[in-house]
$ cat target08.txt   # compact mmCIF, C-alpha atoms
# COMPACT_ATOMS: atom_id res chain seq x y z
CA MET A 1 0.00 0.00 0.00
CA PRO A 2 1.53 3.35 -0.98
CA ARG A 3 2.53 5.62 1.89
CA LYS A 4 0.17 8.56 2.35
CA ILE A 5 1.58 12.07 2.38
CA CYS A 6 0.10 15.50 3.11
CA GLY A 7 -1.20 17.20 0.00
CA LEU A 8 0.10 20.60 1.19
CA GLY A 9 3.38 19.28 2.55
CA PHE A 10 2.69 19.97 6.25
CA ASP A 11 4.35 18.14 9.11
CA CYS A 12 1.22 16.38 10.38
CA ALA A 13 2.88 15.35 13.65
CA SER A 14 3.60 18.97 14.46
CA MET A 15 0.18 20.11 13.24
CA MET A 16 -1.67 17.58 15.43
CA LEU A 17 0.93 17.49 18.22
CA GLN A 18 1.12 13.71 17.77
CA PRO A 19 4.70 12.52 17.12
CA GLY A 20 4.86 9.72 14.55
CA ILE A 21 1.28 10.13 13.33
CA ASP A 22 0.59 8.77 9.87
CA PRO A 23 -0.61 11.55 7.51
CA GLY A 24 -3.63 9.41 6.68
CA PHE A 25 -4.87 9.81 10.27
CA CYS A 26 -4.43 13.58 10.29
CA LEU A 27 -7.72 15.50 10.58
CA ASN A 28 -6.69 17.58 7.58
CA TYR A 29 -5.67 14.76 5.24
CA GLU A 30 -8.71 14.84 2.95
CA THR A 31 -8.85 18.63 2.89
CA CYS A 32 -5.17 18.97 1.99
CA GLY A 33 -5.58 16.41 -0.79
CA ALA A 34 -8.68 18.14 -2.22
CA ALA A 35 -6.97 21.55 -1.99
CA THR A 36 -4.86 20.70 -5.03
CA ARG A 37 -7.91 21.41 -7.19
CA LEU A 38 -8.34 24.91 -5.76
CA THR A 39 -6.79 28.12 -6.96
CA PRO A 40 -4.01 29.43 -4.69
CA ASP A 41 -6.26 32.13 -3.22
CA GLU A 42 -9.43 30.14 -2.49
CA GLU A 43 -9.97 29.58 1.22
CA ILE A 44 -10.01 26.27 3.04
CA GLU A 45 -10.36 25.37 6.70
CA LEU A 46 -7.67 23.44 8.56
CA ILE A 47 -7.62 22.07 12.09
CA ARG A 48 -4.60 22.76 14.25
CA VAL A 49 -3.89 21.44 17.75
CA ARG A 50 -1.91 23.59 20.12
CA GLU A 51 -1.15 23.73 23.81
CA ILE A 52 -2.19 26.56 26.10
CA GLU A 53 -1.15 27.18 29.68
CA ILE A 54 -3.84 27.21 32.34
CA ARG A 55 -3.26 29.47 35.32
CA SER A 56 -4.26 27.56 38.44
CA ARG A 57 -2.66 26.36 41.61
CA ARG A 58 -0.12 24.67 39.43
CA GLU A 59 0.58 25.48 35.83
CA GLN A 60 -0.83 22.93 33.42
CA ALA A 61 -0.91 22.64 29.66
CA GLN A 62 -4.11 21.79 27.82
CA ARG A 63 -4.41 20.81 24.19
CA ILE A 64 -7.15 22.45 22.16
CA GLN A 65 -8.30 22.14 18.58
CA GLU A 66 -8.79 25.31 16.59
CA THR A 67 -10.02 25.85 13.06
CA ILE A 68 -8.09 28.29 10.90
CA ARG A 69 -9.13 29.65 7.51
CA THR A 70 -6.33 29.83 4.99
CA THR A 71 -5.53 29.51 1.30
CA ARG A 72 -3.10 27.33 -0.58
CA ARG A 73 -0.78 30.30 -0.90
CA GLN A 74 -0.91 31.06 2.82
CA ALA A 75 -0.65 27.35 3.66
CA ALA A 76 2.49 27.14 1.51
CA VAL A 77 4.05 29.94 3.55
CA MET A 78 2.99 28.27 6.81
CA MET A 79 4.50 24.97 5.73
CA LEU A 80 7.82 26.51 4.64
CA MET A 81 8.01 28.63 7.79
CA SER A 82 7.58 25.52 9.95
CA ARG A 83 9.73 23.08 7.95
CA GLY A 84 11.94 25.04 5.57
CA CYS A 85 14.50 26.40 8.09
CA PRO A 86 13.34 30.01 7.58
CA GLN A 87 15.96 32.74 7.73
CA THR A 88 15.81 36.40 8.72
CA PRO A 89 17.77 39.50 7.65
CA GLU A 90 19.67 39.12 10.92
CA SER A 91 20.59 35.46 10.35
CA LEU A 92 21.78 36.24 6.81
CA GLY A 93 24.02 39.04 8.07
CA VAL A 94 22.06 41.91 6.51
CA ASN A 95 21.41 43.63 9.84
CA ALA A 96 25.10 43.44 10.73
CA GLN A 97 26.00 45.12 7.44
CA MET A 98 23.42 47.83 8.09
CA GLN A 99 24.94 48.44 11.53
CA GLU A 100 28.41 48.73 9.99
CA ILE A 101 27.08 51.23 7.46
CA ALA A 102 25.46 53.25 10.25
CA ALA A 103 28.73 53.20 12.22
CA CYS A 104 30.67 54.37 9.15
CA VAL A 105 28.19 57.20 8.55
CA GLU A 106 28.48 58.29 12.19
CA GLN A 107 32.28 58.23 11.97
CA LEU A 108 32.16 60.24 8.75
CA HIS A 109 29.91 62.85 10.39
CA HIS A 110 32.43 63.14 13.23
CA GLN A 111 35.34 63.59 10.82
CA LEU A 112 33.46 66.20 8.80
CA ASN A 113 32.66 68.13 11.97
CA ASN A 114 36.36 68.15 12.81
CA LEU A 115 37.01 70.13 9.63
CA GLU A 116 35.15 73.11 11.00
CA GLY A 117 37.53 76.06 11.41
CA HIS A 118 40.09 74.59 8.98
CA TYR A 119 40.76 76.09 5.57
CA ILE A 120 39.41 74.17 2.56
CA ALA A 121 40.46 75.50 -0.82
CA PRO A 122 37.83 76.10 -3.52
CA PRO A 123 37.69 73.93 -6.67
CA GLY A 124 40.17 74.83 -9.41
CA CYS A 125 42.67 76.50 -7.09
CA GLU A 126 46.29 75.41 -6.79
CA VAL A 127 49.44 76.50 -4.98
CA HIS A 128 52.34 77.33 -7.29
CA HIS A 129 56.01 77.69 -6.39
CA TYR A 130 58.07 80.30 -8.23
CA ASN A 131 61.58 81.76 -7.94
CA VAL A 132 62.57 85.41 -7.72
CA LYS A 133 66.10 86.43 -8.66
CA ARG A 134 67.55 89.27 -6.65
CA PRO A 135 71.01 90.75 -6.32
CA SER A 136 71.50 88.83 -3.10
CA GLY A 137 70.41 85.54 -4.61
CA VAL A 138 67.45 83.46 -5.81
CA TYR A 139 64.48 83.13 -3.48
CA GLY A 140 61.57 80.76 -3.67
CA TYR A 141 58.00 81.94 -3.11
CA ASN A 142 54.50 80.47 -3.35
CA LYS A 143 51.13 81.75 -4.43
CA LEU A 144 47.53 80.47 -4.38
CA THR A 145 46.01 80.93 -7.83
CA ALA A 146 42.57 80.57 -9.34
CA SER A 147 41.36 80.60 -12.93
CA GLU A 148 39.02 83.51 -12.15
CA PRO A 149 39.15 86.38 -9.65
CA ILE A 150 37.43 84.81 -6.62
CA PHE A 151 39.71 85.85 -3.73
CA GLU A 152 39.09 88.84 -1.54
CA PRO A 153 41.66 91.57 -2.16
CA SER A 154 44.06 92.94 0.47
CA GLU A 155 44.32 96.38 -1.08
CA LYS A 156 42.20 96.65 -4.24
CA GLN A 157 38.45 97.04 -4.46
CA GLU A 158 37.89 94.11 -6.80
CA LYS A 159 38.47 90.43 -6.26
CA VAL A 160 41.79 88.96 -7.38
CA ARG A 161 43.09 85.72 -8.85
CA VAL A 162 46.25 85.38 -6.76
CA ILE A 163 47.11 85.32 -3.06
CA HIS A 164 50.84 85.51 -2.28
CA LEU A 165 51.93 82.97 0.34
CA SER A 166 55.60 83.88 0.87
CA HIS A 167 58.36 81.24 1.23
CA ASP A 168 58.01 77.48 1.60
CA TYR A 169 57.92 77.32 5.40
CA ASP A 170 55.61 80.26 5.89
CA PRO A 171 52.38 79.21 7.73
CA ARG A 172 50.34 80.82 4.95
CA ASN A 173 51.90 78.48 2.38
CA LEU A 174 51.60 75.43 4.64
CA GLN A 175 47.95 76.08 5.50
CA ALA A 176 47.05 76.79 1.86
CA ARG A 177 48.59 73.47 0.79
CA LEU A 178 46.72 71.70 3.60
CA GLY A 179 43.55 73.37 2.30
CA ILE A 180 44.24 71.97 -1.18
CA ASP A 181 44.73 68.52 0.32
CA ARG A 182 41.47 68.76 2.32
CA ARG A 183 39.57 69.83 -0.78
CA ASN A 184 40.94 66.92 -2.79
CA LYS A 185 40.02 64.45 -0.03
CA LEU A 186 36.50 65.83 0.26
CA THR A 187 36.05 65.65 -3.50
CA ARG A 188 37.09 62.01 -3.38
CA VAL A 189 34.69 61.40 -0.47
CA ARG A 190 31.87 63.01 -2.45
CA THR A 191 32.54 60.65 -5.36
CA LEU A 192 32.60 57.62 -3.07
CA LEU A 193 29.40 58.73 -1.34
CA ALA A 194 27.68 59.03 -4.71
CA LEU A 195 28.67 55.42 -5.43
CA ALA A 196 27.47 54.36 -1.96
CA VAL A 197 24.11 56.05 -2.52
CA GLU A 198 23.78 54.26 -5.84
CA LEU A 199 24.58 50.91 -4.23
CA LEU A 200 22.15 51.50 -1.36
CA GLN A 201 19.46 52.48 -3.85
CA SER A 202 20.15 49.23 -5.70
CA CYS A 203 19.65 47.38 -2.41
CA ALA A 204 16.32 49.10 -1.88
CA ASN A 205 15.25 48.38 -5.46
CA THR A 206 16.22 44.72 -5.04
CA LEU A 207 13.86 44.35 -2.06
CA SER A 208 11.11 46.35 -3.75
CA ASP A 209 11.21 43.85 -6.62
CA GLU A 210 9.63 41.31 -4.23
CA SER A 211 6.20 42.88 -4.77
CA SER A 212 6.55 42.70 -8.55
CA VAL A 213 7.59 39.04 -8.29
CA GLN A 214 4.46 38.30 -6.26
CA SER A 215 2.33 40.18 -8.80
CA ASN A 216 3.83 38.19 -11.67
CA SER A 217 3.24 34.98 -9.74
CA LEU A 218 -0.40 35.95 -9.24
CA LEU A 219 -0.83 36.71 -12.95
CA MET A 220 0.71 33.34 -13.86
CA THR A 221 -1.70 31.66 -11.43
CA VAL A 222 -4.70 33.38 -12.99
CA ASP A 223 -3.59 32.49 -16.53
CA SER A 224 -3.03 28.88 -15.49
CA THR A 225 -6.45 28.76 -13.82
CA LEU A 226 -8.23 30.16 -16.86
CA SER A 227 -6.50 27.68 -19.16
CA THR A 228 -7.11 24.58 -17.03
CA HIS A 229 -10.69 25.14 -15.79
CA GLU A 230 -13.54 24.40 -18.12
CA VAL A 231 -16.05 27.24 -18.24
CA SER A 232 -19.30 25.41 -17.60
CA GLU A 233 -21.98 25.27 -14.97
CA PRO A 234 -21.59 22.49 -12.38
CA SER A 235 -23.84 19.50 -12.78
CA PRO A 236 -26.52 18.88 -10.13
CA ALA A 237 -24.58 15.85 -8.88
CA VAL A 238 -21.50 17.96 -8.29
CA GLY A 239 -23.56 20.64 -6.56
CA ASP A 240 -25.13 18.06 -4.26
CA ARG A 241 -21.74 16.63 -3.39
CA LEU A 242 -20.38 20.08 -2.64
CA GLN A 243 -23.27 20.84 -0.31
CA SER A 244 -22.89 17.44 1.34
CA ALA A 245 -19.17 17.94 1.85
CA GLU A 246 -19.82 21.40 3.25
CA GLY A 247 -22.18 19.95 5.84
CA HIS A 248 -19.81 17.19 6.96
CA GLY A 249 -16.53 18.55 7.28
CA PRO A 250 -15.08 21.01 9.65
CA ILE A 251 -12.49 21.40 6.90
CA THR A 252 -14.16 22.40 3.66
CA ASN A 253 -14.37 25.39 1.37
CA GLU A 254 -17.55 27.11 0.32
CA PRO A 255 -18.26 26.64 -3.40
CA ASN A 256 -17.79 29.79 -5.44
CA PRO A 257 -20.44 30.35 -8.12
CA SER A 258 -17.75 31.47 -10.58
CA PRO A 259 -16.91 28.63 -13.01
CA ASN A 260 -13.19 29.37 -12.57
CA HIS A 261 -13.37 28.64 -8.83
CA LEU A 262 -15.44 25.48 -8.71
CA VAL A 263 -14.15 22.50 -6.83
CA ASP A 264 -15.01 19.47 -8.90
CA ILE A 265 -15.45 16.18 -7.10
CA VAL A 266 -15.07 13.52 -9.70
CA GLU A 267 -17.05 10.34 -9.42
CA THR A 268 -16.55 7.20 -11.37
CA GLN A 269 -18.79 4.21 -11.80
CA GLU A 270 -16.88 1.02 -11.21
CA HIS A 271 -18.80 -2.26 -11.14
CA GLY A 272 -22.00 -0.36 -10.36
CA THR A 273 -20.64 1.47 -7.23
CA ASN A 274 -19.71 5.09 -6.68
CA ALA A 275 -16.10 5.77 -5.74
CA GLN A 276 -14.65 9.18 -4.88
CA ILE A 277 -11.20 9.84 -6.31
CA GLU A 278 -8.54 11.06 -3.86
CA THR A 279 -5.74 13.13 -5.26
CA PRO A 280 -3.02 13.36 -2.61
CA LEU A 281 0.06 15.33 -3.50
$ encode --input "target08.txt" --output "C-alpha cells"
Amino acid sequence: MPRKICGLGFDCASMMLQPGIDPGFCLNYETCGAATRLTPDEEIELIRVREIEIRSRREQAQRIQETIRTTRRQAAVMMLMSRGCPQTPESLGVNAQMQEIAACVEQLHHQLNNLEGHYIAPPGCEVHHYNVKRPSGVYGYNKLTASEPIFEPSEKQEKVRVIHLSHDYDPRNLQARLGIDRRNKLTRVRTLLALAVELLQSCANTLSDESSVQSNSLLMTVDSTLSTHEVSEPSPAVGDRLQSAEGHGPITNEPNPSPNHLVDIVETQEHGTNAQIETPL
C-alpha cells in the first residue's frame, strides 16, 4: 500500500501534536488532498492542535483544537516557515552590514565636523612655487592661484586671482597646501558617497522587486487557472456533493459560483458502485 503524504506538505505530527502520526490519520488529510484542485487564493479550513497554559494552583498545559481559515498560498508559507529552516535578515548578516554602514556614517559625520575652522580650498585653485632672482640671490616663493578672480583683495576694491603665500615654510603656504589637500580628499569622499548612494538604492530596489515578483506569480496563477478550468456550470450531482461535503466537514471550502473557482469532485462508476477519487500530493 503506498505511503500517504500530506497534499500541502505539512508536518502532520507537528500540526496535530502527535509525534509519529501517519498523515492518513491527520484530521486535515482529505482537505489537503482536495486543496490541489483549488486556486491558490481560495480559502479552506484546517484544524490545528496547540497547547495553552492554564493558570491555576499549578501550571498545566491543555491541548485544544482550533479551526483556521487559509488559502493554498498562505498554507504554503505556513508549511515553509515551519519546515523550511526560515531565515531572517539578521541570520543572513544583513542587519550586521546595516549596523556597519550606520557606524561608518556616524564616523564620517564626526570627521566632517572636525574640519570646522580649517581652511578648505575652492575647486580649481592650486598653490604654485616660483623663484625670484635678486642681487643677493634666488628666493623661492609660493602663491595660491585661481582661474578667475574669486579671492578677496588685500588692497584693491575688486576680487583677485592670486594670493601671495611667501616662502616654503611660511604658515600661509603650509595652510594653503593643507587646504588643497582637504579639498581633494572631500572631492574624493563626495565621489565615493555618490557610489554608496547608488549601491544603497540598488539594495532598496532589489527588495522592492519582491512585490513585482508576487504580482507576476499571481498573474501566472490566474492564466493557469483560466486555461485549465472548463467554463461550464456544475452539474446537479457535483452541486449536491459540494453541499454534502460542506455539511460534513469542519475542513471544507464554500463553493464559489464562478466557473473558474469550482471544486469538482469527480465520481466514477466502477462495477455499479460510486467511488470518490482522492488526489493526494
$ residues_around --input "target08.txt" --residues "region 13-17 of chain A" --least-positions-apart "6" --cutoff "10 Å" --atoms "all atoms listed in the file" --output "list in words"
Pro23, Phe25, Cys26, Leu27, Asn28, Leu46, Ile47, Arg48, Val49, Arg50, Glu51, Arg63, Ile64, Gln65, Met79, Ser82 and Arg83 of chain A
$ atom_distance --input "target08.txt" --atom1 "CA of Phe151 (chain A)" --atom2 "CA of Leu112 (chain A)"
24.1 Å
$ atom_distance --input "target08.txt" --atom1 "CA of Cys12 (chain A)" --atom2 "CA of Glu42 (chain A)"
21.6 Å
$ atom_distance --input "target08.txt" --atom1 "CA of Arg190 (chain A)" --atom2 "CA of His110 (chain A)"
15.7 Å
$ residues_around --input "target08.txt" --residues "region 129-139 of chain A" --least-positions-apart "4" --cutoff "9 Å" --atoms "all atoms listed in the file" --output "MDAnalysis selection string"
chainID A and resid 143 167:168
$ write_last_selection --input "target08.txt" --atoms "C-alpha atoms" --output "short mmCIF file (atom, residue, chain, number, x, y, z; two decimals), keeping the file's coordinate frame"
data_model
loop_
_atom_site.label_atom_id
_atom_site.label_comp_id
_atom_site.auth_asym_id
_atom_site.auth_seq_id
_atom_site.Cartn_x
_atom_site.Cartn_y
_atom_site.Cartn_z
CA LYS A 143 51.13 81.75 -4.43
CA HIS A 167 58.36 81.24 1.23
CA ASP A 168 58.01 77.48 1.60
#
$ residues_around --input "target08.txt" --residues "Ser166 (chain A)" --least-positions-apart "6" --cutoff "7 Å" --atoms "only C-alpha atoms" --output "list in words"
Tyr141, Asn142 and Asn173 of chain A
$ closest_residue --input "target08.txt" --among "A:Pro122, A:Gly24, A:Gly9, A:Gly117" --to "Met81 (chain A)" --atoms "all atoms listed in the file"
A:Gly9
$ closest_residue --input "target08.txt" --among "A:Arg177, A:Lys156, A:Arg73, A:Arg37" --to "His118 (chain A)" --atoms "all atoms listed in the file"
A:Arg177
$ residues_around --input "target08.txt" --residues "Ile163 (chain A)" --least-positions-apart "2" --cutoff "7 Å" --atoms "all atoms listed in the file" --output "short mmCIF file (atom, residue, chain, number, x, y, z; two decimals) with C-alpha atoms, in the coordinates of the input"
data_model
loop_
_atom_site.label_atom_id
_atom_site.label_comp_id
_atom_site.auth_asym_id
_atom_site.auth_seq_id
_atom_site.Cartn_x
_atom_site.Cartn_y
_atom_site.Cartn_z
CA LYS A 143 51.13 81.75 -4.43
CA LEU A 144 47.53 80.47 -4.38
CA THR A 145 46.01 80.93 -7.83
CA LEU A 165 51.93 82.97 0.34
#
$ decode --input "target08.txt" --residues "region 16-36 of chain A" --atoms "N, CA and C atoms" --output "mmCIF file, in the first residue's frame"
data_model
loop_
_atom_site.group_PDB
_atom_site.id
_atom_site.type_symbol
_atom_site.label_atom_id
_atom_site.label_comp_id
_atom_site.auth_asym_id
_atom_site.auth_seq_id
_atom_site.Cartn_x
_atom_site.Cartn_y
_atom_site.Cartn_z
ATOM 1 N N MET A 16 -0.748 18.243 14.502
ATOM 2 C CA MET A 16 -1.667 17.585 15.426
ATOM 3 C C MET A 16 -1.060 17.364 16.806
ATOM 4 N N LEU A 17 0.210 17.742 16.977
ATOM 5 C CA LEU A 17 0.925 17.491 18.223
ATOM 6 C C LEU A 17 0.911 16.010 18.587
ATOM 7 N N GLN A 18 1.091 15.160 17.572
ATOM 8 C CA GLN A 18 1.124 13.712 17.770
ATOM 9 C C GLN A 18 2.360 13.172 17.061
ATOM 10 N N PRO A 19 3.472 13.026 17.759
ATOM 11 C CA PRO A 19 4.696 12.520 17.117
ATOM 12 C C PRO A 19 4.477 11.156 16.481
ATOM 13 N N GLY A 20 4.946 10.996 15.249
ATOM 14 C CA GLY A 20 4.858 9.721 14.547
ATOM 15 C C GLY A 20 3.522 9.431 13.911
ATOM 16 N N ILE A 21 2.592 10.379 13.909
ATOM 17 C CA ILE A 21 1.278 10.130 13.332
ATOM 18 C C ILE A 21 1.385 9.924 11.827
ATOM 19 N N ASP A 22 0.642 8.982 11.311
ATOM 20 C CA ASP A 22 0.591 8.770 9.867
ATOM 21 C C ASP A 22 -0.269 9.872 9.249
ATOM 22 N N PRO A 23 0.189 10.485 8.130
ATOM 23 C CA PRO A 23 -0.614 11.550 7.515
ATOM 24 C C PRO A 23 -2.049 11.143 7.217
ATOM 25 N N GLY A 24 -2.275 9.855 6.972
ATOM 26 C CA GLY A 24 -3.629 9.408 6.682
ATOM 27 C C GLY A 24 -4.576 9.561 7.853
ATOM 28 N N PHE A 25 -4.028 9.644 9.081
ATOM 29 C CA PHE A 25 -4.869 9.809 10.266
ATOM 30 C C PHE A 25 -4.965 11.269 10.698
ATOM 31 N N CYS A 26 -4.339 12.159 9.973
ATOM 32 C CA CYS A 26 -4.430 13.584 10.289
ATOM 33 C C CYS A 26 -5.840 14.078 9.965
ATOM 34 N N LEU A 27 -6.366 14.974 10.791
ATOM 35 C CA LEU A 27 -7.718 15.496 10.579
ATOM 36 C C LEU A 27 -7.823 16.327 9.305
ATOM 37 N N ASN A 28 -6.677 16.724 8.769
ATOM 38 C CA ASN A 28 -6.686 17.576 7.577
ATOM 39 C C ASN A 28 -6.329 16.816 6.294
ATOM 40 N N TYR A 29 -6.193 15.498 6.382
ATOM 41 C CA TYR A 29 -5.673 14.756 5.241
ATOM 42 C C TYR A 29 -6.527 14.927 3.987
ATOM 43 N N GLU A 30 -7.838 14.743 4.121
ATOM 44 C CA GLU A 30 -8.706 14.842 2.950
ATOM 45 C C GLU A 30 -8.763 16.275 2.421
ATOM 46 N N THR A 31 -8.795 17.226 3.324
ATOM 47 C CA THR A 31 -8.847 18.629 2.887
ATOM 48 C C THR A 31 -7.586 19.015 2.145
ATOM 49 N N CYS A 32 -6.433 18.628 2.659
ATOM 50 C CA CYS A 32 -5.166 18.969 1.995
ATOM 51 C C CYS A 32 -5.091 18.313 0.622
ATOM 52 N N GLY A 33 -5.601 17.076 0.502
ATOM 53 C CA GLY A 33 -5.584 16.415 -0.794
ATOM 54 C C GLY A 33 -6.517 17.092 -1.786
ATOM 55 N N ALA A 34 -7.718 17.476 -1.326
ATOM 56 C CA ALA A 34 -8.676 18.135 -2.216
ATOM 57 C C ALA A 34 -8.250 19.553 -2.566
ATOM 58 N N ALA A 35 -7.376 20.161 -1.748
ATOM 59 C CA ALA A 35 -6.965 21.553 -1.990
ATOM 60 C C ALA A 35 -6.156 21.699 -3.264
ATOM 61 N N THR A 36 -5.644 20.598 -3.800
ATOM 62 C CA THR A 36 -4.856 20.696 -5.031
ATOM 63 C C THR A 36 -5.708 21.133 -6.207
#
